[in-house]
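Everything below belongs to target.txt, which stores compact mmCIF, C-alpha atoms.
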# COMPACT_ATOMS: atom_id res chain seq x y z
CA MET A 1070 48.63 49.70 -26.69
CA GLY A 1071 46.84 46.36 -26.78
CA GLU A 1072 44.36 45.44 -29.48
CA ASP A 1073 40.83 44.33 -28.63
CA TYR A 1074 39.33 41.39 -30.50
CA PRO A 1075 35.62 40.69 -30.97
CA MET A 1076 33.83 38.80 -28.21
CA LEU A 1077 31.30 36.05 -28.75
CA SER A 1078 27.63 36.86 -28.46
CA GLN A 1079 25.53 34.86 -25.99
CA ALA A 1080 23.93 32.98 -28.90
CA GLU A 1081 27.34 32.10 -30.37
CA ASN A 1082 28.59 30.98 -26.97
CA GLN A 1083 25.55 28.76 -26.52
CA LEU A 1084 25.94 27.24 -29.99
CA LEU A 1085 29.57 26.31 -29.33
CA THR A 1086 29.12 24.93 -25.82
CA GLU A 1087 25.82 23.04 -25.81
CA VAL A 1088 26.25 19.36 -26.75
CA GLU A 1089 23.33 17.49 -25.23
CA GLY A 1090 20.33 16.06 -27.06
CA ASP A 1091 19.71 17.64 -30.44
CA ALA A 1092 22.19 20.47 -29.93
CA PRO A 1093 23.99 20.99 -33.27
CA MET A 1094 27.47 20.85 -31.73
CA GLY A 1095 26.69 17.56 -30.00
CA GLN A 1096 25.42 16.11 -33.25
CA MET A 1097 28.62 17.19 -35.00
CA PHE A 1098 30.74 15.58 -32.29
CA ARG A 1099 29.00 12.28 -33.06
CA CYS A 1100 30.55 12.34 -36.53
CA TYR A 1101 34.01 11.72 -35.02
CA TRP A 1102 35.65 8.78 -33.29
CA LEU A 1103 35.91 9.63 -29.57
CA PRO A 1104 37.67 7.92 -26.64
CA MET A 1105 35.18 6.39 -24.23
CA VAL A 1106 37.24 4.71 -21.49
CA LEU A 1107 40.76 3.54 -20.83
CA SER A 1108 41.34 -0.05 -21.89
CA GLU A 1109 42.46 -0.78 -18.34
CA GLU A 1110 39.02 0.13 -17.02
CA ILE A 1111 37.58 -2.94 -18.73
CA ALA A 1112 40.75 -5.01 -18.97
CA GLU A 1113 39.26 -8.24 -17.66
CA PRO A 1114 37.10 -10.38 -19.98
CA ASP A 1115 33.74 -10.86 -18.27
CA GLY A 1116 34.81 -8.21 -15.75
CA ALA A 1117 32.80 -5.31 -14.38
CA PRO A 1118 31.33 -3.00 -17.05
CA ALA A 1119 32.24 0.69 -17.08
CA ALA A 1120 29.68 3.49 -16.99
CA VAL A 1121 30.25 6.14 -19.66
CA ARG A 1122 28.49 9.46 -20.11
CA VAL A 1123 29.20 11.26 -23.38
CA LEU A 1124 27.31 14.19 -24.92
CA GLY A 1125 24.68 13.82 -22.22
CA GLN A 1126 24.09 10.18 -23.15
CA GLU A 1127 24.48 7.21 -20.78
CA LEU A 1128 26.49 4.29 -22.21
CA VAL A 1129 28.04 1.08 -20.95
CA ALA A 1130 31.41 -0.34 -22.03
CA PHE A 1131 32.43 -3.95 -21.43
CA ARG A 1132 34.82 -6.66 -22.57
CA ASP A 1133 33.26 -10.02 -23.35
CA THR A 1134 34.51 -13.54 -22.77
CA ASN A 1135 36.51 -13.52 -26.01
CA GLY A 1136 38.07 -10.12 -25.35
CA ARG A 1137 35.80 -8.19 -27.72
CA VAL A 1138 34.81 -4.72 -26.56
CA GLY A 1139 31.27 -3.40 -26.69
CA VAL A 1140 29.79 0.06 -26.19
CA LEU A 1141 26.00 0.07 -25.86
CA ASP A 1142 23.27 2.41 -24.71
CA ALA A 1143 23.17 1.86 -20.97
CA GLY A 1144 19.41 1.39 -20.75
CA CYS A 1145 18.24 -2.19 -21.34
CA PRO A 1146 15.77 -2.15 -24.29
CA HIS A 1147 13.22 -3.95 -22.11
CA ARG A 1148 12.47 -1.46 -19.32
CA LEU A 1149 15.60 0.74 -19.45
CA SER A 1150 17.23 -0.60 -16.29
CA SER A 1151 20.95 0.14 -16.49
CA LEU A 1152 23.21 -2.46 -18.06
CA VAL A 1153 26.07 -0.97 -16.04
CA LEU A 1154 24.66 -3.18 -13.26
CA GLY A 1155 24.56 -6.15 -15.61
CA ARG A 1156 26.22 -9.54 -15.38
CA ASN A 1157 29.04 -9.75 -17.91
CA GLU A 1158 29.22 -13.43 -18.81
CA GLU A 1159 29.40 -15.88 -21.69
CA CYS A 1160 29.90 -13.32 -24.45
CA GLY A 1161 27.26 -10.84 -23.42
CA ILE A 1162 25.96 -8.50 -20.77
CA ARG A 1163 22.82 -9.62 -18.94
CA CYS A 1164 20.41 -7.15 -17.36
CA ILE A 1165 19.92 -8.04 -13.70
CA TYR A 1166 16.27 -6.92 -13.78
CA HIS A 1167 14.78 -9.60 -16.05
CA GLY A 1168 17.82 -11.42 -17.43
CA TRP A 1169 17.75 -10.14 -21.00
CA LYS A 1170 21.21 -10.50 -22.48
CA PHE A 1171 22.99 -8.62 -25.29
CA ASP A 1172 26.28 -9.17 -27.12
CA VAL A 1173 28.80 -6.49 -28.18
CA ASP A 1174 26.86 -5.93 -31.42
CA GLY A 1175 23.61 -5.32 -29.54
CA ASN A 1176 22.01 -8.64 -30.49
CA CYS A 1177 19.68 -10.10 -27.89
CA THR A 1178 21.05 -13.58 -27.21
CA ASP A 1179 18.71 -14.55 -24.37
CA MET A 1180 15.27 -13.44 -23.22
CA PRO A 1181 14.36 -15.84 -20.42
CA THR A 1182 11.16 -14.06 -19.33
CA GLU A 1183 9.55 -14.34 -22.78
CA PRO A 1184 8.25 -17.32 -24.78
CA ASP A 1185 10.81 -18.40 -27.34
CA ASP A 1186 8.38 -19.25 -30.14
CA ARG A 1187 7.43 -15.75 -31.30
CA GLY A 1188 10.78 -14.48 -32.59
CA PHE A 1189 10.58 -11.53 -30.19
CA LYS A 1190 14.22 -12.00 -29.16
CA ASP A 1191 15.36 -11.59 -32.75
CA ARG A 1192 13.45 -8.35 -33.17
CA VAL A 1193 14.90 -6.58 -30.14
CA LYS A 1194 18.37 -5.04 -30.23
CA ALA A 1195 20.35 -2.86 -27.90
CA LYS A 1196 21.85 0.22 -29.55
CA ALA A 1197 25.50 -0.72 -30.14
CA TYR A 1198 28.29 1.46 -31.51
CA PRO A 1199 31.38 0.64 -33.58
CA THR A 1200 34.46 0.40 -31.36
CA ARG A 1201 38.21 0.45 -31.77
CA GLU A 1202 41.04 -0.05 -29.28
CA ALA A 1203 44.15 2.04 -29.78
CA ALA A 1204 46.75 3.75 -27.58
CA GLY A 1205 45.35 2.25 -24.40
CA MET A 1206 41.84 3.58 -25.00
CA VAL A 1207 38.50 2.24 -26.19
CA TRP A 1208 37.08 4.53 -28.87
CA ALA A 1209 33.57 4.57 -30.26
CA TYR A 1210 31.75 6.18 -33.15
CA LEU A 1211 28.30 7.43 -32.10
CA GLY A 1212 27.04 8.79 -35.41
CA PRO A 1213 25.03 7.31 -38.30
CA ARG A 1214 26.50 3.99 -39.43
CA GLU A 1215 26.40 4.94 -43.10
CA GLN A 1216 28.58 7.99 -42.39
CA GLN A 1217 31.24 6.26 -40.29
CA PRO A 1218 34.61 7.90 -41.07
CA PRO A 1219 38.04 6.26 -41.12
CA PHE A 1220 39.67 5.94 -37.72
CA PRO A 1221 41.98 8.94 -37.01
CA ALA A 1222 45.30 7.11 -37.18
CA PHE A 1223 47.55 9.59 -35.39
CA PRO A 1224 51.14 8.30 -35.29
CA TRP A 1225 50.87 7.28 -31.63
CA THR A 1226 47.80 5.09 -32.26
CA THR A 1227 50.13 2.46 -33.74
CA TYR A 1228 52.95 2.68 -31.18
CA PRO A 1229 53.79 -0.37 -29.05
CA PRO A 1230 51.80 -0.35 -25.78
CA ASN A 1231 54.90 0.40 -23.71
CA GLN A 1232 55.48 3.65 -25.61
CA VAL A 1233 52.12 5.24 -24.76
CA GLY A 1234 50.66 6.29 -21.42
CA VAL A 1235 47.28 7.93 -20.87
CA ALA A 1236 46.28 10.14 -17.94
CA LYS A 1237 42.53 10.61 -17.61
CA SER A 1238 40.88 13.39 -15.63
CA GLY A 1239 37.61 15.29 -15.57
CA TYR A 1240 36.80 18.98 -15.88
CA ARG A 1241 33.77 20.54 -14.19
CA THR A 1242 33.37 22.81 -17.19
CA SER A 1243 32.24 22.71 -20.79
CA TYR A 1244 34.62 20.99 -23.19
CA LEU A 1245 35.24 24.35 -24.90
CA GLN A 1246 36.87 25.90 -21.84
CA ALA A 1247 39.11 22.88 -21.43
CA VAL A 1248 40.18 22.99 -25.08
CA GLU A 1249 40.91 26.71 -24.86
CA GLY A 1250 43.34 26.05 -22.02
CA ALA A 1251 45.17 23.42 -24.05
CA ILE A 1252 45.80 25.67 -27.06
CA ASP A 1253 46.80 28.75 -25.07
CA SER A 1254 50.58 29.15 -25.35
CA ALA A 1255 50.77 32.43 -23.43
CA HIS A 1256 49.56 31.00 -20.13
CA SER A 1257 52.33 28.42 -19.78
CA TRP A 1258 54.90 31.09 -18.88
CA TYR A 1259 52.71 32.00 -15.89
CA LEU A 1260 50.37 29.23 -14.76
CA HIS A 1261 52.99 26.51 -15.28
CA SER A 1262 56.01 28.61 -14.33
CA GLY A 1263 58.70 26.21 -13.21
CA SER A 1264 56.48 23.12 -13.50
CA SER A 1265 56.51 22.34 -17.24
CA ARG A 1266 58.48 19.21 -17.98
CA ASP A 1267 61.05 21.05 -20.11
CA TRP A 1268 60.74 24.43 -18.38
CA ASP A 1269 64.47 24.88 -17.76
CA MET A 1270 65.39 24.09 -21.37
CA ARG A 1271 62.73 26.44 -22.72
CA PHE A 1272 63.78 29.20 -20.34
CA GLU A 1273 67.37 28.83 -21.51
CA ILE A 1274 66.20 29.48 -25.08
CA SER A 1275 63.86 32.38 -24.39
CA ARG A 1276 62.60 34.50 -21.50
CA ASP A 1277 60.13 36.29 -23.74
CA GLN A 1278 56.77 36.29 -21.95
CA SER A 1279 54.77 37.92 -24.76
CA PRO A 1280 54.68 35.57 -27.76
CA ARG A 1281 53.48 36.77 -31.15
CA LEU A 1282 50.93 34.32 -32.49
CA ASP A 1283 50.34 33.39 -36.11
CA ALA A 1284 47.71 30.86 -37.19
CA GLU A 1285 46.75 29.16 -40.42
CA ASP A 1286 43.77 26.99 -41.33
CA THR A 1287 44.24 23.35 -42.28
CA PRO A 1288 41.83 20.67 -43.57
CA TYR A 1289 41.71 19.17 -40.05
CA GLY A 1290 41.32 22.45 -38.15
CA PHE A 1291 44.24 24.82 -37.77
CA ARG A 1292 47.79 25.14 -36.49
CA TYR A 1293 49.56 28.09 -34.99
CA ALA A 1294 52.98 29.26 -33.88
CA ALA A 1295 53.81 31.12 -30.69
CA ILE A 1296 56.93 33.07 -31.68
CA ARG A 1297 59.30 34.41 -29.03
CA VAL A 1298 62.52 36.39 -29.04
CA PRO A 1299 65.40 34.05 -28.15
CA ASN A 1300 68.01 34.86 -25.52
CA VAL A 1301 70.85 34.38 -28.04
CA ASP A 1302 71.09 35.67 -31.61
CA ALA A 1303 67.87 37.64 -31.23
CA GLU A 1304 68.68 39.72 -34.31
CA THR A 1305 68.90 36.72 -36.62
CA THR A 1306 66.73 33.94 -35.12
CA LYS A 1307 63.36 33.33 -33.50
CA TYR A 1308 61.98 30.65 -31.16
CA ALA A 1309 58.71 29.10 -32.36
CA ARG A 1310 56.38 26.60 -30.70
CA VAL A 1311 53.79 25.09 -33.07
CA THR A 1312 50.55 23.69 -31.66
CA ILE A 1313 48.05 21.63 -33.68
CA PHE A 1314 44.27 21.65 -33.27
CA ASN A 1315 42.14 18.91 -34.80
CA LEU A 1316 38.38 19.22 -34.80
CA PRO A 1317 36.46 18.60 -32.76
CA SER A 1318 38.65 18.72 -29.63
CA THR A 1319 42.20 17.39 -30.03
CA SER A 1320 45.31 19.43 -29.30
CA SER A 1321 48.89 18.36 -30.03
CA ILE A 1322 51.31 20.23 -27.79
CA PRO A 1323 54.89 20.98 -28.93
CA PRO A 1324 57.00 18.02 -27.75
CA PRO A 1325 59.64 18.55 -25.04
CA LEU A 1326 63.10 19.53 -26.25
CA ASN A 1327 64.49 16.53 -24.38
CA PRO A 1328 63.71 13.62 -26.73
CA ASP A 1329 63.69 11.18 -23.82
CA LEU A 1330 60.52 12.87 -22.55
CA PRO A 1331 57.26 11.84 -24.25
CA ALA A 1332 55.26 14.13 -26.52
CA HIS A 1333 51.76 15.12 -25.49
CA THR A 1334 48.34 15.07 -27.17
CA SER A 1335 45.10 16.01 -25.41
CA ILE A 1336 41.60 14.90 -26.37
CA PHE A 1337 38.64 16.51 -24.61
CA VAL A 1338 35.38 14.56 -24.72
CA PRO A 1339 32.18 16.36 -23.65
CA ILE A 1340 30.38 14.52 -20.85
CA ASP A 1341 27.50 16.97 -21.01
CA ASN A 1342 27.07 20.73 -21.31
CA GLU A 1343 28.96 21.43 -18.09
CA ASN A 1344 31.51 18.63 -17.76
CA ALA A 1345 34.24 17.13 -19.92
CA MET A 1346 36.74 14.27 -19.75
CA LEU A 1347 40.35 14.73 -20.74
CA PHE A 1348 42.36 11.88 -22.22
CA ASP A 1349 45.98 13.07 -21.99
CA ILE A 1350 48.10 10.87 -24.25
CA TYR A 1351 51.85 10.84 -23.62
CA HIS A 1352 53.73 9.11 -26.45
CA SER A 1353 57.40 8.35 -26.86
CA GLN A 1354 59.56 10.52 -29.10
CA ASN A 1355 62.42 8.07 -29.56
CA GLY A 1356 61.22 4.65 -28.46
CA THR A 1357 61.83 5.31 -24.76
CA PRO A 1358 59.20 3.42 -22.72
CA VAL A 1359 56.39 5.36 -21.05
CA ASP A 1360 55.34 4.08 -17.62
CA PRO A 1361 51.67 5.08 -17.08
CA THR A 1362 51.84 4.59 -13.31
CA ALA A 1363 54.95 6.76 -12.92
CA LEU A 1364 53.48 9.28 -15.36
CA ARG A 1365 50.27 9.71 -13.36
CA ARG A 1366 52.18 9.93 -10.10
CA ARG A 1367 54.41 12.68 -11.46
CA LEU A 1368 51.47 14.58 -12.97
CA LYS A 1369 49.46 14.09 -9.77
CA VAL A 1370 46.54 12.47 -11.57
CA GLU A 1371 46.46 9.14 -9.72
CA PRO A 1372 43.00 7.61 -9.32
CA GLY A 1373 42.18 7.28 -5.64
CA VAL A 1374 44.97 9.68 -4.67
CA ASP A 1375 44.39 12.85 -6.69
CA LEU A 1376 41.14 11.87 -8.41
CA ASP A 1377 37.79 10.64 -7.13
CA GLU A 1378 35.93 7.55 -8.32
CA ASP A 1379 34.62 9.48 -11.35
CA TRP A 1380 38.09 10.68 -12.42
CA PHE A 1381 37.58 14.27 -11.21
CA PHE A 1382 40.20 16.05 -9.12
CA LEU A 1383 39.71 16.08 -5.36
CA GLY A 1384 40.66 19.73 -5.59
CA SER A 1385 37.61 21.79 -6.48
CA ARG A 1386 35.95 25.14 -5.96
CA LYS A 1387 34.91 24.04 -2.45
CA ASN A 1388 38.52 23.71 -1.28
CA ARG A 1389 39.98 26.25 -3.72
CA TRP A 1390 41.64 23.45 -5.66
CA ASN A 1391 43.88 22.70 -2.64
CA GLN A 1392 45.86 25.87 -3.23
CA ASP A 1393 48.73 26.29 -0.76
CA ARG A 1394 49.27 29.98 -0.03
CA ALA A 1395 52.33 29.24 2.10
CA ALA A 1396 53.92 27.49 -0.86
CA MET A 1397 53.23 30.58 -2.99
CA LYS A 1398 55.38 32.60 -0.60
CA ASN A 1399 58.16 30.05 -0.90
CA GLY A 1400 58.69 29.70 -4.64
CA SER A 1401 55.52 28.13 -6.04
CA TYR A 1402 53.85 30.44 -8.54
CA THR A 1403 50.32 29.02 -8.16
CA GLY A 1404 50.44 27.10 -4.90
CA ILE A 1405 48.77 24.26 -6.78
CA ALA A 1406 50.70 21.03 -7.22
CA GLY A 1407 50.60 19.27 -10.57
CA PHE A 1408 50.59 20.56 -14.13
CA GLN A 1409 47.08 19.33 -14.88
CA ASN A 1410 45.71 20.49 -11.52
CA GLN A 1411 46.84 24.01 -12.41
CA ASP A 1412 45.00 23.97 -15.73
CA THR A 1413 41.90 22.52 -14.11
CA ALA A 1414 41.81 25.15 -11.36
CA ALA A 1415 42.20 28.05 -13.78
CA VAL A 1416 39.55 26.74 -16.17
CA GLU A 1417 37.02 25.59 -13.57
CA SER A 1418 37.29 28.93 -11.75
CA MET A 1419 35.55 30.55 -14.74
CA GLY A 1420 32.36 28.61 -13.99
CA ALA A 1421 30.87 25.65 -15.83
CA ILE A 1422 30.19 27.72 -18.94
CA SER A 1423 32.17 30.93 -19.16
CA ASP A 1424 30.27 34.08 -20.10
CA ARG A 1425 32.37 34.92 -23.14
CA THR A 1426 30.44 38.13 -23.74
CA GLN A 1427 32.44 39.61 -20.85
CA GLU A 1428 35.92 38.78 -22.14
CA HIS A 1429 38.58 41.22 -23.33
CA LEU A 1430 40.70 39.31 -25.82
CA GLY A 1431 44.11 40.39 -27.08
CA GLN A 1432 46.83 39.31 -29.48
CA SER A 1433 47.86 36.46 -27.21
CA ASP A 1434 44.38 34.98 -27.76
CA VAL A 1435 44.74 34.56 -31.52
CA ALA A 1436 44.62 30.75 -31.20
CA ILE A 1437 41.50 30.90 -29.03
CA ILE A 1438 39.77 33.13 -31.55
CA ARG A 1439 40.83 30.90 -34.44
CA MET A 1440 39.63 27.74 -32.69
CA ARG A 1441 36.20 29.21 -32.02
CA ARG A 1442 35.96 30.38 -35.61
CA ARG A 1443 36.95 26.99 -37.01
CA MET A 1444 34.48 25.21 -34.73
CA ALA A 1445 31.73 27.56 -35.95
CA GLU A 1446 32.77 27.04 -39.58
CA GLY A 1447 32.88 23.29 -39.08
CA LEU A 1448 29.43 23.33 -37.53
CA LYS A 1449 28.02 25.41 -40.40
CA LEU A 1450 29.51 22.96 -42.90
CA PHE A 1451 28.04 20.00 -40.99
CA GLN A 1452 24.59 21.58 -40.80
CA ALA A 1453 24.70 22.20 -44.56
CA GLY A 1454 25.25 18.48 -45.14
CA GLY A 1455 28.96 18.67 -45.89
CA THR A 1456 31.77 16.49 -44.57
CA PRO A 1457 32.86 17.85 -41.18
CA LEU A 1458 36.35 19.30 -40.99
CA GLY A 1459 39.00 16.66 -40.46
CA LEU A 1460 36.91 13.78 -41.79
CA ASP A 1461 37.89 14.05 -45.44
CA PRO A 1462 39.61 10.73 -46.27
CA THR A 1463 42.52 12.64 -47.80
CA VAL A 1464 43.57 14.01 -44.38
CA ASP A 1465 46.75 12.16 -43.41
CA TYR A 1466 46.57 11.88 -39.63
CA GLY A 1467 49.87 10.04 -39.63
CA ALA A 1468 51.60 13.24 -40.76
CA ILE A 1469 50.13 15.52 -38.11
CA ARG A 1470 52.81 16.59 -35.64
CA SER A 1471 53.58 19.60 -33.51
CA ALA A 1472 57.07 21.06 -33.08
CA GLN A 1473 59.27 23.66 -31.45
CA GLY A 1474 62.71 25.07 -32.14
CA VAL A 1475 64.90 28.01 -33.13
CA ILE A 1476 64.92 28.97 -36.81
CA PRO A 1477 66.22 31.92 -38.87
CA LYS A 1478 64.26 35.07 -38.22
CA GLU A 1479 63.16 35.44 -41.85
CA ALA A 1480 62.13 31.79 -42.20
CA PRO A 1481 58.45 30.84 -42.01
CA TRP A 1482 57.59 28.92 -38.84
CA GLN A 1483 56.17 26.13 -41.00
CA ARG A 1484 59.79 25.14 -41.66
CA LEU A 1485 59.78 23.35 -38.30
CA LEU A 1486 57.04 21.08 -39.57
CA GLU A 1487 58.73 20.59 -42.93
CA ARG A 1488 61.71 19.11 -41.09
CA LEU A 1489 59.44 16.53 -39.48
CA GLU A 1490 57.65 15.75 -42.73
CA GLY A 1491 61.00 15.29 -44.44
CA ALA A 1492 62.14 12.95 -41.70
CA ARG A 1493 58.92 10.95 -42.05
CA THR A 1494 59.43 10.36 -45.76

Go through the file and emit its structure as structure tokens.
Amino acid sequence: MGEDYPMLSQAENQLLTEVEGDAPMGQMFRCYWLPMVLSEEIAEPDGAPAAVRVLGQELVAFRDTNGRVGVLDAGCPHRLSSLVLGRNEECGIRCIYHGWKFDVDGNCTDMPTEPDDRGFKDRVKAKAYPTREAAGMVWAYLGPREQQPPFPAFPWTTYPPNQVGVAKSGYRTSYLQAVEGAIDSAHSWYLHSGSSRDWDMRFEISRDQSPRLDAEDTPYGFRYAAIRVPNVDAETTKYARVTIFNLPSTSSIPPPLNPDLPAHTSIFVPIDNENAMLFDIYHSQNGTPVDPTALRRRLKVEPGVDLDEDWFFLGSRKNRWNQDRAAMKNGSYTGIAGFQNQDTAAVESMGAISDRTQEHLGQSDVAIIRMRRRMAEGLKLFQAGGTPLGLDPTVDYGAIRSAQGVIPKEAPWQRLLERLEGART
């Protein structure tokens, strides 16, 4: 008989999902470095700016004449006309309304409509945010300057550019739903049946469709193992897949068993209460190059082909996520092409914000329950004035890795991670 686990109350659901304005969860998100755009979106110095919406806030990202990247509030400080329409030229972005110009640090460098003898130009600044480029993305820190944390230097943030590829796509749901899909090991045997990159190799190891989950808290969030009975030596071994969750919204998926295939980390950035942007980072396991164009084509997340101009899938509720019922009768489990499309359809079908008071959770949802608990604990710590989880300077992001493999039945699943840590040292 299955075991029921406690559901969230409506108030708890609201606290975890609301991120706009003064919402506590949105304020906590601002304490972390977050990806804003792909570097390729603003690759050209003095090129077109990119519009960014994060946590319900409108921003503009641009690359200046010298290649420096800026992320500013989108509204010009003069009359709030959008700088996304601005002229990007001569080391600054100029509002097309009245010509006021701002550099990447928010300094007003020109105010042609105002007399220049009053010092007004020097007293006006656009709100600018610290930025960092890494792994093909432009990151920004949106919180208080005096509390700016170290950059989360995951191993792949220092890889050569040809060993990292990023696939970007939007979810028409809260960030929480998207994250829950990424840390749910049980669904892969169904939703992604036959379409996971290393499906055949995993199926050769185990056909167990009911993993036993075990989770443990860490300073950065938590990690958990999905433990399955292997096809061979079931009496003496077990097959474990270890997934990592970093607050506030990063998931490191167990890397493919084929070392020539890249490992996979997902970062979900809230756009607003009901939309989120996924930055799917694929990073080499053994130095093999990662071709972003080929990656997106294979994953069916090509801008202009699979995605609209805002990076959302063309498949949506209106067209039932382009599900092909004929294909379902001829071998396709879901009738939906593309690994990420499948996740998106399943998650978006719940509605923009799932009513978690109506759920019936079981043992296979241990990771979901743990993630919600850790997010609530992290939020409570933040509201009490403490350092949010994962931002303690002693957290070694360079040592955070996921894993999978077959180990002795009596061995703790953490042994898989110990192997990696030993290899690192």

Residue nearest A:Arg1470 among A:Arg1201, A:Arg1389, A:His1147, A:His1333 (counting all atoms listed in the file):
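Closest to A:Arg1470, using all atoms listed in the file: A:His1333.
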
May I ask for the distance between atom CA of A:Val1088 and atom CA of A:Val1207, given in Å to one decimal place?
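For atom CA of A:Val1088 relative to atom CA of A:Val1207, the distance reads 21.1 Å.
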
Minimum-distance residue to A:Ala1247, chosen among A:Thr1182, A:Thr1200, A:Ser1320, A:Thr1357 (using all atoms listed in the file)
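Nearest to A:Ala1247: A:Ser1320.
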
Contacts of A:Tyr1228 within 9 Å, only C-alpha atoms, excl. fewer than 4 positions in-chain, as a short mmCIF file (atom, residue, chain, number, x, y, z; two decimals) with C-alpha atoms, keeping the file's coordinate frame:
data_model
loop_
_atom_site.label_atom_id
_atom_site.label_comp_id
_atom_site.auth_asym_id
_atom_site.auth_seq_id
_atom_site.Cartn_x
_atom_site.Cartn_y
_atom_site.Cartn_z
CA ALA A 1203 44.15 2.04 -29.78
CA ALA A 1204 46.75 3.75 -27.58
CA PRO A 1224 51.14 8.30 -35.29
CA GLN A 1232 55.48 3.65 -25.61
CA VAL A 1233 52.12 5.24 -24.76
CA HIS A 1352 53.73 9.11 -26.45
CA SER A 1353 57.40 8.35 -26.86
CA GLY A 1356 61.22 4.65 -28.46
#

What lies within 6 Å of A:Lys1194 using only C-alpha atoms, ignoring chain neighbours under 5 positions off, as a PDB file with C-alpha atoms, in the coordinates of the input?
ATOM      1  CA  GLY A1175      23.610  -5.320 -29.540  1.00  0.00           C
ATOM      2  CA  ASN A1176      22.010  -8.640 -30.490  1.00  0.00           C
ATOM      3  CA  CYS A1177      19.680 -10.100 -27.890  1.00  0.00           C
TER       4      CYS A1177
END

List as a PyMOL selection string the protein and nucleic acid residues near stretch 1154-1168 of chain A, meaning an atom at most 6 Å away when all atoms listed in the file are counted, but skip any in the same chain fewer than 5 places from it.
chain A and resi 1115+1133-1134

With a distance cut-off of 9 Å and all atoms listed in the file, select the neighbouring residues of A:Met1270, excluding the residue or stretch itself and same-chain residues fewer than 4 positions from it, and output the selection as a list of chain:residue names.
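These residues fall inside the cut-off: A:Ile1274, A:Ser1275, A:Pro1325, A:Leu1326, A:Asn1327.
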
Taking all atoms listed in the file into account, which of A:Arg1214, A:Asp1375, A:Gln1246, A:Met1180 comes nearest A:Asp1424?
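Ranking A:Arg1214, A:Asp1375, A:Gln1246, A:Met1180 by distance to A:Asp1424, first place goes to A:Gln1246.
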
Find the residues near A:Ala1209: any atom within 9 Å, counting all atoms listed in the file, skip ones fewer than 2 places away on the same chain, and give them as a count of residues only.
13

At most 6 Å from (23.0, 3.3, -18.5), file frame, all atoms listed in the file: which residues, as a PyMOL selection string?
chain A and resi 1127-1128+1143-1144+1151-1153

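Remark: for A:Arg1292, the closest of the candidate residues A:Gln1278, A:Gln1483, A:Gln1354, A:Ser1418 is A:Gln1483 (distances computed over only C-alpha atoms).
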
In terms of the shortest atom-to-atom distance over all atoms listed in the file, which of A:Glu1081, A:Glu1249, A:Asp1179, A:Glu1109 is closest to A:Ile1437?
A:Glu1249

I'd like the interatomic distance between atom CA of A:Leu1316 and atom CA of A:Val1338, to a tenth of an Å.
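So the answer is 11.5 Å.
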
Residue with smallest distance to A:Val1298 - pool A:Pro1481, A:Ala1284, A:Asp1277, A:Val1475, counting all atoms listed in the file:
A:Asp1277

Mind giving me the straight-line distance from atom CA of A:Gly1205 to atom CA of A:Thr1362 in Å, one decimal?
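Value for the atom CA of A:Gly1205-atom CA of A:Thr1362 distance: 13.1 Å.
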